[in-house]
$ cat input-v9.cif   # mmCIF, C-alpha atoms
data_final
#
loop_
_atom_site.group_PDB
_atom_site.id
_atom_site.type_symbol
_atom_site.label_atom_id
_atom_site.label_comp_id
_atom_site.auth_asym_id
_atom_site.auth_seq_id
_atom_site.Cartn_x
_atom_site.Cartn_y
_atom_site.Cartn_z
ATOM 1 C CA MET A 1 117.462 83.584 103.158
ATOM 2 C CA LYS A 2 117.517 79.860 103.873
ATOM 3 C CA ASN A 3 116.228 78.096 106.951
ATOM 4 C CA ASN A 4 116.254 74.627 108.438
ATOM 5 C CA ILE A 5 112.897 74.799 110.200
ATOM 6 C CA LYS A 6 111.906 71.478 108.678
ATOM 7 C CA VAL A 7 114.986 69.724 110.113
ATOM 8 C CA GLU A 8 114.613 71.329 113.540
ATOM 9 C CA ARG A 9 110.957 70.422 113.520
ATOM 10 C CA ALA A 10 111.798 66.780 112.803
ATOM 11 C CA ILE A 11 114.354 66.740 115.653
ATOM 12 C CA LYS A 12 111.737 68.059 118.072
ATOM 13 C CA GLY A 13 109.054 65.800 116.614
ATOM 14 C CA LEU A 14 106.727 68.708 115.848
ATOM 15 C CA THR A 15 104.244 68.858 112.975
ATOM 16 C CA GLN A 16 103.736 72.086 111.011
ATOM 17 C CA GLU A 17 100.506 72.517 112.930
ATOM 18 C CA ASP A 18 102.249 72.143 116.321
ATOM 19 C CA LEU A 19 104.868 74.712 115.461
ATOM 20 C CA ALA A 20 102.230 77.063 114.022
ATOM 21 C CA ASN A 21 100.289 76.912 117.286
ATOM 22 C CA LYS A 22 103.395 77.498 119.400
ATOM 23 C CA VAL A 23 104.283 80.705 117.564
ATOM 24 C CA ALA A 24 100.661 81.790 116.939
ATOM 25 C CA VAL A 25 100.625 81.848 113.139
ATOM 26 C CA SER A 26 98.702 79.830 110.547
ATOM 27 C CA ARG A 27 100.020 76.543 109.213
ATOM 28 C CA GLN A 28 100.246 78.179 105.795
ATOM 29 C CA THR A 29 102.928 80.490 107.126
ATOM 30 C CA ILE A 30 105.117 77.646 108.410
ATOM 31 C CA ASN A 31 104.613 75.835 105.128
ATOM 32 C CA ALA A 32 105.545 78.918 103.076
ATOM 33 C CA MET A 33 108.712 79.472 105.144
ATOM 34 C CA GLU A 34 109.832 75.871 104.737
ATOM 35 C CA ALA A 35 109.282 76.174 100.991
ATOM 36 C CA ASN A 36 111.409 79.351 101.032
ATOM 37 C CA LYS A 37 108.442 81.332 99.732
ATOM 38 C CA TYR A 38 108.229 83.631 102.713
ATOM 39 C CA VAL A 39 110.841 85.462 104.799
ATOM 40 C CA PRO A 40 109.461 85.879 108.328
ATOM 41 C CA SER A 41 109.536 89.088 110.329
ATOM 42 C CA THR A 42 112.247 89.421 112.967
ATOM 43 C CA VAL A 43 109.619 88.842 115.661
ATOM 44 C CA LEU A 44 108.513 85.551 114.139
ATOM 45 C CA ALA A 45 112.099 84.401 113.525
ATOM 46 C CA LEU A 46 112.952 85.038 117.177
ATOM 47 C CA LYS A 47 109.827 83.192 118.332
ATOM 48 C CA ILE A 48 110.697 80.169 116.192
ATOM 49 C CA ALA A 49 114.275 80.163 117.487
ATOM 50 C CA ARG A 50 112.919 80.215 121.038
ATOM 51 C CA VAL A 51 110.726 77.167 120.373
ATOM 52 C CA PHE A 52 113.777 75.249 119.147
ATOM 53 C CA GLY A 53 115.947 76.604 121.975
ATOM 54 C CA LYS A 54 118.657 77.790 119.590
ATOM 55 C CA PRO A 55 120.071 81.124 118.417
ATOM 56 C CA VAL A 56 118.352 82.580 115.337
ATOM 57 C CA GLU A 57 121.509 82.154 113.245
ATOM 58 C CA ASP A 58 121.325 78.389 113.710
ATOM 59 C CA ILE A 59 117.926 78.300 112.051
ATOM 60 C CA PHE A 60 118.005 81.147 109.525
ATOM 61 C CA MET A 61 121.036 81.772 107.272
ATOM 62 C CA LEU A 62 121.760 84.408 104.658
ATOM 63 C CA GLU A 63 122.357 83.309 101.103
ATOM 64 C CA ASP A 64 124.761 84.844 98.573
ATOM 65 C CA ILE A 65 121.925 86.695 96.851
ATOM 66 C CA ASP A 66 120.843 88.447 100.074
ATOM 67 C CA MET B 1 101.597 91.006 117.045
ATOM 68 C CA LYS B 2 99.971 94.187 115.759
ATOM 69 C CA THR B 3 98.257 93.817 112.408
ATOM 70 C CA THR B 4 96.398 96.246 110.181
ATOM 71 C CA PRO B 5 92.831 97.113 111.233
ATOM 72 C CA LEU B 6 90.374 94.800 109.488
ATOM 73 C CA LEU B 7 86.780 93.687 109.978
ATOM 74 C CA PRO B 8 86.136 90.513 111.991
ATOM 75 C CA ASN B 9 86.196 87.269 110.005
ATOM 76 C CA ARG B 10 82.399 86.738 110.000
ATOM 77 C CA TYR B 11 81.930 89.783 107.741
ATOM 78 C CA LYS B 12 83.636 87.936 104.902
ATOM 79 C CA LYS B 13 80.715 85.508 104.562
ATOM 80 C CA ILE B 14 78.141 88.304 104.820
ATOM 81 C CA GLY B 15 80.181 90.173 102.221
ATOM 82 C CA TRP B 16 80.008 87.314 99.704
ATOM 83 C CA VAL B 17 76.230 87.115 100.113
ATOM 84 C CA ILE B 18 75.966 90.800 99.151
ATOM 85 C CA PHE B 19 78.831 90.922 96.636
ATOM 86 C CA ILE B 20 77.894 88.057 94.290
ATOM 87 C CA PRO B 21 74.263 89.109 93.715
ATOM 88 C CA ALA B 22 75.486 92.686 93.213
ATOM 89 C CA ILE B 23 77.937 91.561 90.490
ATOM 90 C CA LEU B 24 75.213 89.569 88.738
ATOM 91 C CA ALA B 25 72.747 92.453 88.988
ATOM 92 C CA GLY B 26 75.417 94.872 87.744
ATOM 93 C CA LEU B 27 76.156 92.710 84.708
ATOM 94 C CA MET B 28 72.462 92.363 84.019
ATOM 95 C CA ILE B 29 71.977 96.134 84.152
ATOM 96 C CA SER B 30 74.894 96.860 81.839
ATOM 97 C CA ILE B 31 74.264 94.070 79.330
ATOM 98 C CA LEU B 32 70.466 94.119 79.168
ATOM 99 C CA ASP B 33 70.201 97.843 79.898
ATOM 100 C CA PHE B 34 67.740 96.892 82.586
ATOM 101 C CA ASN B 35 66.159 99.467 84.884
ATOM 102 C CA ALA B 36 63.620 98.675 87.570
ATOM 103 C CA ASP B 37 60.993 101.401 87.269
ATOM 104 C CA TRP B 38 59.546 100.527 90.653
ATOM 105 C CA LEU B 39 62.838 101.595 92.149
ATOM 106 C CA THR B 40 62.120 105.263 91.502
ATOM 107 C CA THR B 41 62.166 107.155 94.749
ATOM 108 C CA ASN B 42 63.131 110.394 96.462
ATOM 109 C CA VAL B 43 66.806 110.694 97.322
ATOM 110 C CA PHE B 44 68.964 113.368 98.855
ATOM 111 C CA ALA B 45 71.475 114.788 96.364
ATOM 112 C CA ILE B 46 74.501 116.904 97.253
ATOM 113 C CA TRP B 47 74.969 117.636 93.572
ATOM 114 C CA ASN B 48 72.453 116.977 90.837
ATOM 115 C CA ASP B 49 72.978 118.100 87.258
ATOM 116 C CA PRO B 50 70.452 116.543 84.859
ATOM 117 C CA ILE B 51 71.045 116.523 81.089
ATOM 118 C CA VAL B 52 67.972 118.730 80.697
ATOM 119 C CA GLY B 53 67.579 121.449 83.323
ATOM 120 C CA ARG B 54 69.721 123.266 85.831
ATOM 121 C CA ALA B 55 72.161 121.971 88.354
ATOM 122 C CA SER B 56 71.054 121.945 91.968
ATOM 123 C CA PHE B 57 72.845 121.418 95.244
ATOM 124 C CA PHE B 58 71.706 119.892 98.544
ATOM 125 C CA THR B 59 68.208 119.061 97.338
ATOM 126 C CA VAL B 60 65.879 116.103 97.389
ATOM 127 C CA ILE B 61 65.247 114.728 93.894
ATOM 128 C CA LYS B 62 63.109 111.962 92.456
ATOM 129 C CA THR B 63 65.098 109.458 90.419
ATOM 130 C CA ASP B 64 65.599 105.820 89.420
ATOM 131 C CA VAL B 65 67.920 104.305 92.010
ATOM 132 C CA THR B 66 68.648 100.928 90.344
ATOM 133 C CA ASN B 67 72.256 101.857 89.571
ATOM 134 C CA THR B 68 72.720 103.559 92.932
ATOM 135 C CA LEU B 69 71.503 100.524 94.823
ATOM 136 C CA VAL B 70 73.490 97.925 92.878
ATOM 137 C CA GLY B 71 76.653 100.036 92.918
ATOM 138 C CA ALA B 72 76.393 100.648 96.652
ATOM 139 C CA LEU B 73 75.795 96.965 97.405
ATOM 140 C CA PHE B 74 78.750 96.027 95.201
ATOM 141 C CA ILE B 75 81.073 98.377 97.051
ATOM 142 C CA ILE B 76 79.828 97.444 100.531
ATOM 143 C CA GLY B 77 79.907 93.692 99.796
ATOM 144 C CA GLY B 78 83.264 93.906 98.054
ATOM 145 C CA MET B 79 84.865 95.839 100.903
ATOM 146 C CA MET B 80 83.516 93.318 103.414
ATOM 147 C CA VAL B 81 84.998 90.426 101.420
ATOM 148 C CA GLY B 82 88.308 92.137 100.767
ATOM 149 C CA PHE B 83 88.891 93.730 104.147
ATOM 150 C CA SER B 84 87.814 91.092 106.633
ATOM 151 C CA ARG B 85 90.277 89.219 108.780
ATOM 152 C CA GLU B 86 91.017 85.638 107.724
ATOM 153 C CA LYS B 87 90.254 82.913 110.280
ATOM 154 C CA GLN B 88 93.925 82.897 111.199
ATOM 155 C CA GLU B 89 95.202 86.284 110.198
ATOM 156 C CA ASP B 90 98.987 86.550 110.560
ATOM 157 C CA GLU B 91 101.925 88.353 108.977
ATOM 158 C CA TYR B 92 102.111 86.064 105.937
ATOM 159 C CA ILE B 93 98.413 86.508 105.147
ATOM 160 C CA ALA B 94 98.903 90.266 105.600
ATOM 161 C CA GLU B 95 101.710 90.175 103.051
ATOM 162 C CA LEU B 96 99.568 88.240 100.578
ATOM 163 C CA ARG B 97 96.815 90.816 101.075
ATOM 164 C CA LEU B 98 99.127 93.754 100.410
ATOM 165 C CA SER B 99 100.785 92.169 97.384
ATOM 166 C CA SER B 100 97.338 91.365 95.965
ATOM 167 C CA LEU B 101 96.343 95.011 96.358
ATOM 168 C CA LEU B 102 99.482 96.151 94.547
ATOM 169 C CA TRP B 103 98.777 93.647 91.808
ATOM 170 C CA ALA B 104 95.151 94.781 91.502
ATOM 171 C CA VAL B 105 95.982 98.494 91.237
ATOM 172 C CA CYS B 106 98.668 97.753 88.631
ATOM 173 C CA VAL B 107 96.520 95.486 86.456
ATOM 174 C CA SER B 108 93.565 97.838 86.729
ATOM 175 C CA TYR B 109 95.569 100.833 85.512
ATOM 176 C CA VAL B 110 97.162 98.861 82.696
ATOM 177 C CA LEU B 111 93.652 97.944 81.544
ATOM 178 C CA LEU B 112 92.598 101.581 81.838
ATOM 179 C CA LEU B 113 95.649 102.693 79.851
ATOM 180 C CA LEU B 114 94.771 100.266 77.072
ATOM 181 C CA ALA B 115 91.211 101.590 77.117
ATOM 182 C CA PHE B 116 92.471 105.188 76.904
ATOM 183 C CA LEU B 117 94.635 104.314 73.922
ATOM 184 C CA PHE B 118 92.308 102.053 71.979
ATOM 185 C CA VAL B 119 88.680 102.807 72.909
ATOM 186 C CA TYR B 120 86.961 105.958 71.641
ATOM 187 C CA GLY B 121 83.505 107.500 71.730
ATOM 188 C CA GLY B 122 80.513 105.974 73.503
ATOM 189 C CA PRO B 123 82.143 102.665 74.509
ATOM 190 C CA PHE B 124 84.805 104.608 76.388
ATOM 191 C CA PHE B 125 82.140 105.648 78.877
ATOM 192 C CA THR B 126 81.202 101.981 79.371
ATOM 193 C CA VAL B 127 84.853 101.141 79.989
ATOM 194 C CA MET B 128 85.053 103.900 82.603
ATOM 195 C CA VAL B 129 82.027 102.468 84.401
ATOM 196 C CA TYR B 130 83.631 99.016 84.503
ATOM 197 C CA ASN B 131 86.919 100.515 85.615
ATOM 198 C CA MET B 132 85.298 101.904 88.756
ATOM 199 C CA PHE B 133 84.973 98.327 89.963
ATOM 200 C CA THR B 134 88.019 96.530 88.587
ATOM 201 C CA VAL B 135 90.404 97.297 91.471
ATOM 202 C CA LEU B 136 88.119 95.661 94.014
ATOM 203 C CA ILE B 137 87.280 92.698 91.766
ATOM 204 C CA ILE B 138 90.877 91.972 90.771
ATOM 205 C CA PHE B 139 92.074 92.391 94.372
ATOM 206 C CA ILE B 140 89.507 89.921 95.725
ATOM 207 C CA ALA B 141 90.174 87.439 92.918
ATOM 208 C CA ARG B 142 93.951 87.589 93.313
ATOM 209 C CA PHE B 143 93.954 87.405 97.120
ATOM 210 C CA ASN B 144 91.566 84.471 97.259
ATOM 211 C CA TYR B 145 93.480 82.697 94.503
ATOM 212 C CA LEU B 146 96.693 83.009 96.546
ATOM 213 C CA LEU B 147 94.931 81.724 99.668
ATOM 214 C CA TYR B 148 93.548 78.817 97.671
ATOM 215 C CA ARG B 149 96.957 77.986 96.204
ATOM 216 C CA ASN B 150 98.497 78.006 99.667
ATOM 217 C CA ALA B 151 95.811 75.764 101.069
ATOM 218 C CA GLN B 152 96.495 73.381 98.175
ATOM 219 C CA SER B 153 100.241 73.220 98.810
ATOM 220 C CA ILE B 154 99.533 72.485 102.484
ATOM 221 C CA SER B 155 97.405 69.437 101.780
ATOM 222 C CA HIS B 156 100.367 67.768 100.073
ATOM 223 C CA GLU B 157 102.625 68.378 103.064
ATOM 224 C CA LYS B 158 102.568 66.660 106.422
#

$ encode --input "input-v9.cif" --output "structure tokens"
Amino acid sequence: MKNNIKVERAIKGLTQEDLANKVAVSRQTINAMEANKYVPSTVLALKIARVFGKPVEDIFMLEDID
Amino acid sequence: MKTTPLLPNRYKKIGWVIFIPAILAGLMISILDFNADWLTTNVFAIWNDPIVGRASFFTVIKTDVTNTLVGALFIIGGMMVGFSREKQEDEYIAELRLSSLLWAVCVSYVLLLLAFLFVYGGPFFTVMVYNMFTVLIIFIARFNYLLYRNAQSISHEK
């Protein structure tokens, strides 16, 4: 699964730390997701989408291997 | 969000203070064959079966408790270190913890398999003693290595 958290974050002018605080996870988690090392739970994906004010599908996309 | 039950974060520090001396003492006991004679005391035994004499159950016996003490401290300290919440425990940390446990059990049994196949006689007993502790040691090492690696990759990123 791919995501464009980094892009959305830049649009909103949020640092990794800001986003981490808004969705109540550690900064490591945001960092790992942006590096495609971690696939978030549905709960976390929905929370992130809510911060960016967009549907989940706009932020997280399936890849061919999924 | 609901996470697995773990000890509060402060127990991790307390755990290290118990765990590290216990490892050192354990190594000292096994390498130097050290036994503290002054640590002989009365203990309650559910099952006692000395090499010479008869087995007894639910009795108080007099014995050297060096091994007992060091082993118990190792387990208590190790469990505190391994099963305490991180400062910011979340789902990613929980996944790292679980994958480290899987890794530790796997590696530990591979080591035990090798010992079964290639170690015979007296030394096999020594290997078994070490193997009692490898799961906890490998788990703690792996988990903290992953945390460290993550903290490293963060410092490069803004």

$ residues_near_point --input "input-v9.cif" --point "(94.6, 96.9, 92.8)" --cutoff "9 Å" --atoms "all atoms listed in the file" --output "tab-separated table (two decimals) with C-alpha atoms, in the frame of the given file"
chain	number	residue	atom	x	y	z
B	100	SER	CA	97.34	91.36	95.96
B	101	LEU	CA	96.34	95.01	96.36
B	102	LEU	CA	99.48	96.15	94.55
B	103	TRP	CA	98.78	93.65	91.81
B	104	ALA	CA	95.15	94.78	91.50
B	105	VAL	CA	95.98	98.49	91.24
B	106	CYS	CA	98.67	97.75	88.63
B	107	VAL	CA	96.52	95.49	86.46
B	108	SER	CA	93.56	97.84	86.73
B	109	TYR	CA	95.57	100.83	85.51
B	134	THR	CA	88.02	96.53	88.59
B	135	VAL	CA	90.40	97.30	91.47
B	136	LEU	CA	88.12	95.66	94.01
B	137	ILE	CA	87.28	92.70	91.77
B	138	ILE	CA	90.88	91.97	90.77
B	139	PHE	CA	92.07	92.39	94.37

$ interface_residues --input "input-v9.cif" --of "chain B" --to "chain A" --cutoff "7 Å" --atoms "all atoms listed in the file" --output "number ranges by chain"
B: 88, 90, 92, 150-151, 154

$ write_last_selection --input "input-v9.cif" --atoms "C-alpha atoms" --output "compact mmCIF listing (two decimals), in the frame of the given file"
# COMPACT_ATOMS: atom_id res chain seq x y z
CA GLN B 88 93.92 82.90 111.20
CA ASP B 90 98.99 86.55 110.56
CA TYR B 92 102.11 86.06 105.94
CA ASN B 150 98.50 78.01 99.67
CA ALA B 151 95.81 75.76 101.07
CA ILE B 154 99.53 72.48 102.48

$ atom_distance --input "input-v9.cif" --atom1 "atom CA of A:Val7" --atom2 "atom CA of A:Leu62"
17.1 Å

$ residues_near_point --input "input-v9.cif" --point "(111.8, 73.6, 118.3)" --cutoff "6 Å" --atoms "all atoms listed in the file" --output "number ranges by chain"
A: 8-9, 12, 51-52

$ resolve_selection --input "input-v9.cif" --expression "the PyMOL selection byres ((chain B and resi 43-50) around 8)" --output "NGL selection string"
:B and (41-42 or 51-63)

$ resolve_selection --input "input-v9.cif" --expression "the PyMOL selection byres ((chain B and resi 97) around 12)" --output "compact mmCIF listing (two decimals) with C-alpha atoms, in the coordinates of the input"
# COMPACT_ATOMS: atom_id res chain seq x y z
CA THR B 3 98.26 93.82 112.41
CA THR B 4 96.40 96.25 110.18
CA LEU B 6 90.37 94.80 109.49
CA VAL B 81 85.00 90.43 101.42
CA GLY B 82 88.31 92.14 100.77
CA PHE B 83 88.89 93.73 104.15
CA SER B 84 87.81 91.09 106.63
CA ARG B 85 90.28 89.22 108.78
CA GLU B 86 91.02 85.64 107.72
CA GLU B 89 95.20 86.28 110.20
CA ASP B 90 98.99 86.55 110.56
CA GLU B 91 101.92 88.35 108.98
CA TYR B 92 102.11 86.06 105.94
CA ILE B 93 98.41 86.51 105.15
CA ALA B 94 98.90 90.27 105.60
CA GLU B 95 101.71 90.18 103.05
CA LEU B 96 99.57 88.24 100.58
CA LEU B 98 99.13 93.75 100.41
CA SER B 99 100.78 92.17 97.38
CA SER B 100 97.34 91.36 95.96
CA LEU B 101 96.34 95.01 96.36
CA LEU B 102 99.48 96.15 94.55
CA TRP B 103 98.78 93.65 91.81
CA ALA B 104 95.15 94.78 91.50
CA ILE B 138 90.88 91.97 90.77
CA PHE B 139 92.07 92.39 94.37
CA ILE B 140 89.51 89.92 95.72
CA ALA B 141 90.17 87.44 92.92
CA ARG B 142 93.95 87.59 93.31
CA PHE B 143 93.95 87.40 97.12
CA ASN B 144 91.57 84.47 97.26
CA TYR B 145 93.48 82.70 94.50
CA LEU B 146 96.69 83.01 96.55
CA LEU B 147 94.93 81.72 99.67

$ closest_residue --input "input-v9.cif" --among "B:Phe118, B:Phe125, B:Tyr148, B:Phe74" --to "B:Gly15" --atoms "only C-alpha atoms"
B:Phe74

$ atom_distance --input "input-v9.cif" --atom1 "atom CA of A:Lys37" --atom2 "atom CA of A:Gly53"
23.9 Å

$ resolve_selection --input "input-v9.cif" --expression "the PyMOL selection byres ((chain B and resi 40) around 6)" --output "list in words"
Asp37, Trp38, Leu39, Thr41, Thr63, Asp64 and Val65 of chain B

$ atom_distance --input "input-v9.cif" --atom1 "atom CA of B:Thr126" --atom2 "atom CA of B:Leu69"
18.3 Å

$ axis_aligned_box --input "input-v9.cif" --around "stretch 38-50 of chain A" --padding-each-side "8 Å" --output "AutoDock Vina command-line options"
--center_x 111.3 --center_y 84.8 --center_z 111.9 --size_x 22.0 --size_y 25.3 --size_z 34.3

$ residues_around --input "input-v9.cif" --residues "A:Met1" --least-positions-apart "4" --cutoff "7 Å" --atoms "all atoms listed in the file" --output "MDAnalysis selection string"
chainID A and resid 60:63 66

$ write_last_selection --input "input-v9.cif" --atoms "C-alpha atoms" --output "PDB file, keeping the file's coordinate frame"
ATOM      1  CA  PHE A  60     118.005  81.147 109.525  1.00  0.00           C
ATOM      2  CA  MET A  61     121.036  81.772 107.272  1.00  0.00           C
ATOM      3  CA  LEU A  62     121.760  84.408 104.658  1.00  0.00           C
ATOM      4  CA  GLU A  63     122.357  83.309 101.103  1.00  0.00           C
ATOM      5  CA  ASP A  66     120.843  88.447 100.074  1.00  0.00           C
TER       6      ASP A  66
END

$ decode --input "input-v9.cif" --residues "chain A" --atoms "C-alpha atoms" --output "PDB file, in the first residue's frame"
ATOM      1  CA  MET A   1       0.000   0.000   0.000  1.00  0.00           C
ATOM      2  CA  LYS A   2       1.245   3.460  -0.929  1.00  0.00           C
ATOM      3  CA  ASN A   3       0.352   6.737   0.716  1.00  0.00           C
ATOM      4  CA  ASN A   4       0.904  10.428   0.146  1.00  0.00           C
ATOM      5  CA  ILE A   5       0.979  11.503   3.785  1.00  0.00           C
ATOM      6  CA  LYS A   6       4.178  13.432   3.169  1.00  0.00           C
ATOM      7  CA  VAL A   7       2.583  15.486   0.365  1.00  0.00           C
ATOM      8  CA  GLU A   8      -0.614  16.136   2.318  1.00  0.00           C
ATOM      9  CA  ARG A   9       1.462  17.107   5.308  1.00  0.00           C
ATOM     10  CA  ALA A  10       3.397  19.636   3.225  1.00  0.00           C
ATOM     11  CA  ILE A  11       0.137  21.119   1.874  1.00  0.00           C
ATOM     12  CA  LYS A  12      -1.168  21.577   5.413  1.00  0.00           C
ATOM     13  CA  GLY A  13       2.216  22.780   6.651  1.00  0.00           C
ATOM     14  CA  LEU A  14       2.412  20.108   9.350  1.00  0.00           C
ATOM     15  CA  THR A  15       5.604  18.517  10.661  1.00  0.00           C
ATOM     16  CA  GLN A  16       5.743  14.786  11.432  1.00  0.00           C
ATOM     17  CA  GLU A  17       5.517  15.730  15.086  1.00  0.00           C
ATOM     18  CA  ASP A  18       2.371  17.847  14.542  1.00  0.00           C
ATOM     19  CA  LEU A  19       0.611  15.080  12.685  1.00  0.00           C
ATOM     20  CA  ALA A  20       1.724  12.505  15.272  1.00  0.00           C
ATOM     21  CA  ASN A  21       0.196  14.606  18.046  1.00  0.00           C
ATOM     22  CA  LYS A  22      -3.058  15.122  16.147  1.00  0.00           C
ATOM     23  CA  VAL A  23      -3.623  11.389  15.706  1.00  0.00           C
ATOM     24  CA  ALA A  24      -2.075  10.380  19.062  1.00  0.00           C
ATOM     25  CA  VAL A  25       0.777   8.180  17.850  1.00  0.00           C
ATOM     26  CA  SER A  26       4.562   8.491  18.103  1.00  0.00           C
ATOM     27  CA  ARG A  27       6.580  10.349  15.495  1.00  0.00           C
ATOM     28  CA  GLN A  28       8.261   7.052  14.649  1.00  0.00           C
ATOM     29  CA  THR A  29       4.948   5.736  13.386  1.00  0.00           C
ATOM     30  CA  ILE A  30       4.392   8.656  11.002  1.00  0.00           C
ATOM     31  CA  ASN A  31       7.968   8.315   9.819  1.00  0.00           C
ATOM     32  CA  ALA A  32       7.605   4.559   9.229  1.00  0.00           C
ATOM     33  CA  MET A  33       4.375   5.072   7.250  1.00  0.00           C
ATOM     34  CA  GLU A  34       5.933   7.725   5.033  1.00  0.00           C
ATOM     35  CA  ALA A  35       8.854   5.387   4.371  1.00  0.00           C
ATOM     36  CA  ASN A  36       6.338   2.664   3.436  1.00  0.00           C
ATOM     37  CA  LYS A  37       7.670   0.493   6.253  1.00  0.00           C
ATOM     38  CA  TYR A  38       4.402   0.309   8.123  1.00  0.00           C
ATOM     39  CA  VAL A  39       0.784  -0.181   7.030  1.00  0.00           C
ATOM     40  CA  PRO A  40      -1.467   1.567   9.561  1.00  0.00           C
ATOM     41  CA  SER A  41      -4.566   0.062  11.121  1.00  0.00           C
ATOM     42  CA  THR A  42      -7.918   1.109   9.673  1.00  0.00           C
ATOM     43  CA  VAL A  43      -8.503   3.282  12.744  1.00  0.00           C
ATOM     44  CA  LEU A  44      -5.268   5.194  12.240  1.00  0.00           C
ATOM     45  CA  ALA A  45      -5.835   5.557   8.484  1.00  0.00           C
ATOM     46  CA  LEU A  46      -9.275   7.049   9.125  1.00  0.00           C
ATOM     47  CA  LYS A  47      -7.865   9.423  11.750  1.00  0.00           C
ATOM     48  CA  ILE A  48      -5.170  10.635   9.354  1.00  0.00           C
ATOM     49  CA  ALA A  49      -7.728  11.141   6.582  1.00  0.00           C
ATOM     50  CA  ARG A  50      -9.829  13.201   8.990  1.00  0.00           C
ATOM     51  CA  VAL A  51      -6.877  15.469   9.815  1.00  0.00           C
ATOM     52  CA  PHE A  52      -6.373  16.150   6.104  1.00  0.00           C
ATOM     53  CA  GLY A  53     -10.123  16.501   5.510  1.00  0.00           C
ATOM     54  CA  LYS A  54     -10.101  13.998   2.650  1.00  0.00           C
ATOM     55  CA  PRO A  55     -11.462  10.504   1.997  1.00  0.00           C
ATOM     56  CA  VAL A  56      -9.086   7.673   2.947  1.00  0.00           C
ATOM     57  CA  GLU A  57      -8.701   6.632  -0.698  1.00  0.00           C
ATOM     58  CA  ASP A  58      -7.142   9.999  -1.509  1.00  0.00           C
ATOM     59  CA  ILE A  59      -4.343   9.352   0.953  1.00  0.00           C
ATOM     60  CA  PHE A  60      -3.857   5.577   0.898  1.00  0.00           C
ATOM     61  CA  MET A  61      -3.804   3.589  -2.373  1.00  0.00           C
ATOM     62  CA  LEU A  62      -3.434  -0.105  -3.098  1.00  0.00           C
ATOM     63  CA  GLU A  63      -0.486  -1.257  -5.142  1.00  0.00           C
ATOM     64  CA  ASP A  64      -0.388  -4.108  -7.671  1.00  0.00           C
ATOM     65  CA  ILE A  65       1.267  -6.421  -5.152  1.00  0.00           C
ATOM     66  CA  ASP A  66      -1.534  -5.961  -2.588  1.00  0.00           C
TER      67      ASP A  66
END
